[in-house]
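Visitor: Input: one structure, supplied below.
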Amino acid sequence: MSRKKLVVIGLVISGLIFAIGPCYAQKITLVFSDWHLTEPHWEQALKEGIAVFEAENPEIKVKLDYVSYAEKETKYATALEAGKGPDVFHLHAYSMRSFIERGYLYDITEFIEKEGSCWYGKDFLDPWYPQTLELVSKDGRYYGLPGDFMAMVLFRNKKLFQEAGLPTDIPPRTWDDFLAYAKKLTRDRNNDGRVDTWGFGTVGAISPGFELRFTPVLFSHGGSYLTPDNKRCALDTPEAKRAFKFFIELYTRYGVIPPGVTARNPGDVREQLATEEVAMILGSGWTVPIVDGLNPDLKASEVLEASPVPVAAGVSPKYTTTAWLSTWVIGRNTKYPEAAWKLLRHQTSKPMTEKWFRDARVLSSRRDVSGGLESLGITGYNELLFDKFARVIAGELAHAKFVPQVKEWPQIIETVNTAVQEAFTKAKSPEQALSEACRRINSILK
């Protein structure tokens, strides 16, 4: 066969391969991980959102990786250290500093710069609340995009309030009011001679969810975890001591928290609210849909009310609660950073964050969804703005402060969590447990 014919045949074959290649091209597979996948209402929402992404990006297949809320940081860190890990995943903001400093996250700054402007013409990052962007960046570089952004508030069952002879439309303004309410709500409802309903439910287990339940009590008493420069423990101040003692004595002295508090994680406490074992808990946007899923007969959206966290009598702290922030990130070991960015951008887009509110009632860190761009003539998402729970949660963001953003934070909060357990079980007095915790925190910070 002549060389000329071979060349022609080769060109024909190449043309055929080029023509049919895209039809048989192997899809890129991204691993997406999120603790919300273990929660039925969130799982459905996320699957629907991923389906939209895959339809818009047919060359990309998304594989779901399920992880529990308590295990996520350990699982991700272990996998990333081993050169593996998910391509895109969801983190609690308090883990960001540690993950950034350990080099676990992909630097997405160049992707952000290439995006240019957002939908209303300003910088791509302009829709996000500025304080949330601070938590996903370091030295001018970005390692994630903010997700859910919500203040912790007090949820109360107005049916139980009414049964106890308490006003359903007057929430406790101070912790003294709260304690008085909690005492009346702690009672024997079925008349068998034993208490079966308690005033308050909270997290006492060693759990990532502890931070969100204890911190509002600390801040609303005027206390702080660390000094303003984040160099030393501030739990030895009178305000912090008062907050810690009050939190402990709700269980040990006043008995308004159900037995077994040191084994209770956030899911347990929400179940207590769903079954009317407790009348009040601290929660946020996720509380109502989860409780409704646990007990639809309760009619959570009708029976529950939300109000600001009470404040200690005699003090007027600037911040009275804490804010929850989640972040969406790309793992450093991804083989497909461009595709991962597409998924990250999709999950944090305006349409998707509106969907997350519709399906899971979580508020967005985007101002074009949760509000804050009215000066530009841009209003938030109507369904969010007119929701009775979302209004309270969004309104409290102005009074919410993040916990200290230091890489040692996971160790610090676990130390406080342990001190609470020691005091709850009376292994140590509140004063001794807190004092020893403060010394340990100072050692951690050295």
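As shown in the structure tokens, the chain order sets the letters A, B, ...; within each chain, residues go from 1, and ligands are also counted from 1 in the order they appear.
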Can you tell me which residues surround A:Gly293 at a distance of at most 9 Å, considering only C-alpha atoms, apart from same-chain residues fewer than 6 positions away, and format the answer as JSON, numbers by chain?
Guide: {"A": [40, 41, 274]}
Visitor: DSSP on the backbone: which residues in stretch 288-350 of chain A end up as helix (DSSP H, G or I)? Give the answer as an MDAnalysis selection string.
Guide: chainID A and resid 288:294 296:298 300:303 337:347 350
Visitor: Please produce a file of those selected residues containing C-alpha atoms, as an mmCIF file, in the first residue's frame.
Guide:
```cif
data_model
loop_
_atom_site.group_PDB
_atom_site.id
_atom_site.type_symbol
_atom_site.label_atom_id
_atom_site.label_comp_id
_atom_site.auth_asym_id
_atom_site.auth_seq_id
_atom_site.Cartn_x
_atom_site.Cartn_y
_atom_site.Cartn_z
ATOM 1 C CA VAL A 288 -38.331 23.842 62.455
ATOM 2 C CA PRO A 289 -37.953 21.574 59.381
ATOM 3 C CA ILE A 290 -35.981 18.986 61.353
ATOM 4 C CA VAL A 291 -38.477 18.987 64.230
ATOM 5 C CA ASP A 292 -41.332 18.778 61.743
ATOM 6 C CA GLY A 293 -39.685 15.757 60.136
ATOM 7 C CA LEU A 294 -39.288 14.081 63.523
ATOM 8 C CA PRO A 296 -45.262 15.979 61.780
ATOM 9 C CA ASP A 297 -48.192 15.752 64.219
ATOM 10 C CA LEU A 298 -46.676 18.535 66.314
ATOM 11 C CA ALA A 300 -43.919 22.711 64.335
ATOM 12 C CA SER A 301 -44.392 25.748 62.104
ATOM 13 C CA GLU A 302 -47.622 26.563 63.966
ATOM 14 C CA VAL A 303 -46.750 25.534 67.518
ATOM 15 C CA PRO A 337 -10.294 22.058 39.869
ATOM 16 C CA GLU A 338 -12.204 23.757 37.031
ATOM 17 C CA ALA A 339 -15.096 21.307 37.287
ATOM 18 C CA ALA A 340 -15.010 21.546 41.096
ATOM 19 C CA TRP A 341 -15.258 25.331 40.839
ATOM 20 C CA LYS A 342 -18.329 24.990 38.635
ATOM 21 C CA LEU A 343 -19.992 22.862 41.315
ATOM 22 C CA LEU A 344 -18.932 25.205 44.126
ATOM 23 C CA ARG A 345 -20.264 28.214 42.213
ATOM 24 C CA HIS A 346 -23.522 26.370 41.537
ATOM 25 C CA GLN A 347 -24.090 25.407 45.190
ATOM 26 C CA LYS A 350 -28.591 32.848 44.185
#
```
Visitor: Got a sec to tell me which of stretch 64-221 of chain A DSSP assigns to strand (DSSP E), as a ChimeraX atom specification?
Guide: /A:64-66,88-92,137-138,141-142,145-151,153-157,198-200
Visitor: Find the spatial neighbours of A:Tyr94, counting only C-alpha atoms, within a cut-off of 10 Å - ignore same-chain residues fewer than 3 positions away - and output them as a tab-separated table (two decimals) with N, CA and C atoms, in the first residue's frame.
Guide:
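What ended up in selection.tsv:
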```
chain	number	residue	atom	x	y	z
A	91	LEU	N	-18.21	22.68	55.09
A	91	LEU	CA	-17.54	22.76	56.38
A	91	LEU	C	-18.26	23.74	57.30
A	97	ARG	N	-10.10	28.11	59.51
A	97	ARG	CA	-8.75	28.59	59.81
A	97	ARG	C	-7.77	27.44	59.89
A	98	SER	N	-8.16	26.38	60.57
A	98	SER	CA	-7.29	25.21	60.70
A	98	SER	C	-7.05	24.55	59.35
A	99	PHE	N	-8.10	24.40	58.55
A	99	PHE	CA	-7.96	23.74	57.25
A	99	PHE	C	-7.12	24.58	56.29
A	135	LEU	N	-14.01	35.08	56.88
A	135	LEU	CA	-13.76	33.75	57.43
A	135	LEU	C	-13.31	32.74	56.39
A	208	PRO	N	-19.70	18.79	68.32
A	208	PRO	CA	-19.51	20.06	67.62
A	208	PRO	C	-20.69	21.01	67.82
A	324	TRP	N	-24.05	31.19	63.12
A	324	TRP	CA	-23.63	29.97	62.44
A	324	TRP	C	-23.26	30.33	61.01
A	325	LEU	N	-22.12	29.86	60.56
A	325	LEU	CA	-21.74	30.03	59.16
A	325	LEU	C	-21.17	28.73	58.65
A	326	SER	N	-21.69	28.28	57.52
A	326	SER	CA	-21.08	27.13	56.86
A	326	SER	C	-20.34	27.63	55.64
A	327	THR	N	-19.41	26.84	55.13
A	327	THR	CA	-18.63	27.23	53.97
A	327	THR	C	-18.55	26.08	52.98
A	402	PHE	N	-19.17	35.94	65.76
A	402	PHE	CA	-18.54	34.64	65.55
A	402	PHE	C	-17.63	34.30	66.73
A	403	VAL	N	-17.43	33.03	66.95
A	403	VAL	CA	-16.44	32.61	67.95
A	403	VAL	C	-15.06	32.97	67.42
A	404	PRO	N	-14.03	32.99	68.27
A	404	PRO	CA	-12.69	33.37	67.82
A	404	PRO	C	-12.21	32.51	66.65
A	405	GLN	N	-11.70	33.19	65.63
A	405	GLN	CA	-11.22	32.48	64.44
A	405	GLN	C	-9.72	32.23	64.57
A	406	VAL	N	-9.39	31.25	65.37
A	406	VAL	CA	-8.00	30.85	65.57
A	406	VAL	C	-7.89	29.36	65.28
A	407	LYS	N	-6.72	28.94	64.85
A	407	LYS	CA	-6.55	27.53	64.47
A	407	LYS	C	-6.72	26.59	65.66
A	408	GLU	N	-6.53	27.13	66.87
A	408	GLU	CA	-6.65	26.31	68.07
A	408	GLU	C	-8.10	26.16	68.54
A	409	TRP	N	-9.03	26.77	67.81
A	409	TRP	CA	-10.41	26.79	68.29
A	409	TRP	C	-10.98	25.40	68.59
A	410	PRO	N	-10.82	24.41	67.73
A	410	PRO	CA	-11.39	23.09	68.06
A	410	PRO	C	-10.94	22.57	69.42
```
Visitor: Name the closest residue to A:Phe178 among the candidates A:Leu397, A:Leu133, A:Ala390, A:Leu250; distances are taken between atoms, counting only C-alpha atoms.
Guide: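 Among A:Leu397, A:Leu133, A:Ala390, A:Leu250, it is A:Leu250 that comes nearest to A:Phe178.
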Visitor: Enter the distance from atom CA of A:Phe200 to atom CA of A:Ile412, in Å, rounded to one decimal.
Guide: 25.4 Å
Visitor: Using only C-alpha atoms, which residues sit within 10 Å of A:Lys159 once same-chain residues fewer than 5 positions away are excluded, as a list in words?
Guide: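 After dropping sequence-adjacent residues, the list is Ala164, Gly165, Leu166, Thr168, Glu276, Ala279, Leu298, Glu302, Val303 and Leu304 of chain A.
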Visitor: Based on the selection just made, write N, CA and C atoms of those residues as a PDB file, in the first residue's frame.
Guide:
```pdb
ATOM      1  N   ALA A 164     -49.029  25.751  80.809  1.00  0.00           N
ATOM      2  CA  ALA A 164     -48.390  26.098  82.081  1.00  0.00           C
ATOM      3  C   ALA A 164     -48.862  27.447  82.614  1.00  0.00           C
ATOM      4  N   GLY A 165     -49.795  28.077  81.908  1.00  0.00           N
ATOM      5  CA  GLY A 165     -50.321  29.359  82.356  1.00  0.00           C
ATOM      6  C   GLY A 165     -49.406  30.525  82.062  1.00  0.00           C
ATOM      7  N   LEU A 166     -48.534  30.371  81.075  1.00  0.00           N
ATOM      8  CA  LEU A 166     -47.594  31.424  80.701  1.00  0.00           C
ATOM      9  C   LEU A 166     -48.072  32.132  79.437  1.00  0.00           C
ATOM     10  N   THR A 168     -48.157  33.342  75.793  1.00  0.00           N
ATOM     11  CA  THR A 168     -47.537  32.773  74.591  1.00  0.00           C
ATOM     12  C   THR A 168     -46.894  33.836  73.713  1.00  0.00           C
ATOM     13  N   GLU A 276     -42.170  17.031  72.773  1.00  0.00           N
ATOM     14  CA  GLU A 276     -42.644  17.874  73.869  1.00  0.00           C
ATOM     15  C   GLU A 276     -42.093  17.438  75.220  1.00  0.00           C
ATOM     16  N   ALA A 279     -39.676  22.347  76.467  1.00  0.00           N
ATOM     17  CA  ALA A 279     -40.488  23.441  75.927  1.00  0.00           C
ATOM     18  C   ALA A 279     -39.668  24.485  75.193  1.00  0.00           C
ATOM     19  N   LEU A 298     -46.861  17.360  65.461  1.00  0.00           N
ATOM     20  CA  LEU A 298     -46.676  18.535  66.314  1.00  0.00           C
ATOM     21  C   LEU A 298     -47.104  19.809  65.597  1.00  0.00           C
ATOM     22  N   GLU A 302     -46.520  25.876  63.292  1.00  0.00           N
ATOM     23  CA  GLU A 302     -47.622  26.563  63.966  1.00  0.00           C
ATOM     24  C   GLU A 302     -47.393  26.667  65.471  1.00  0.00           C
ATOM     25  N   VAL A 303     -46.877  25.604  66.060  1.00  0.00           N
ATOM     26  CA  VAL A 303     -46.750  25.534  67.518  1.00  0.00           C
ATOM     27  C   VAL A 303     -45.517  26.275  68.033  1.00  0.00           C
ATOM     28  N   LEU A 304     -44.450  26.303  67.252  1.00  0.00           N
ATOM     29  CA  LEU A 304     -43.212  26.918  67.715  1.00  0.00           C
ATOM     30  C   LEU A 304     -43.174  28.411  67.406  1.00  0.00           C
TER      31      LEU A 304
END
```
Visitor: Which residues, written as a ChimeraX atom specification, have at least one atom at most 10 Å from A:Asp177, with only C-alpha atoms counted and residues fewer than 6 positions away on the same chain left out?
Guide: /A:171,310-313
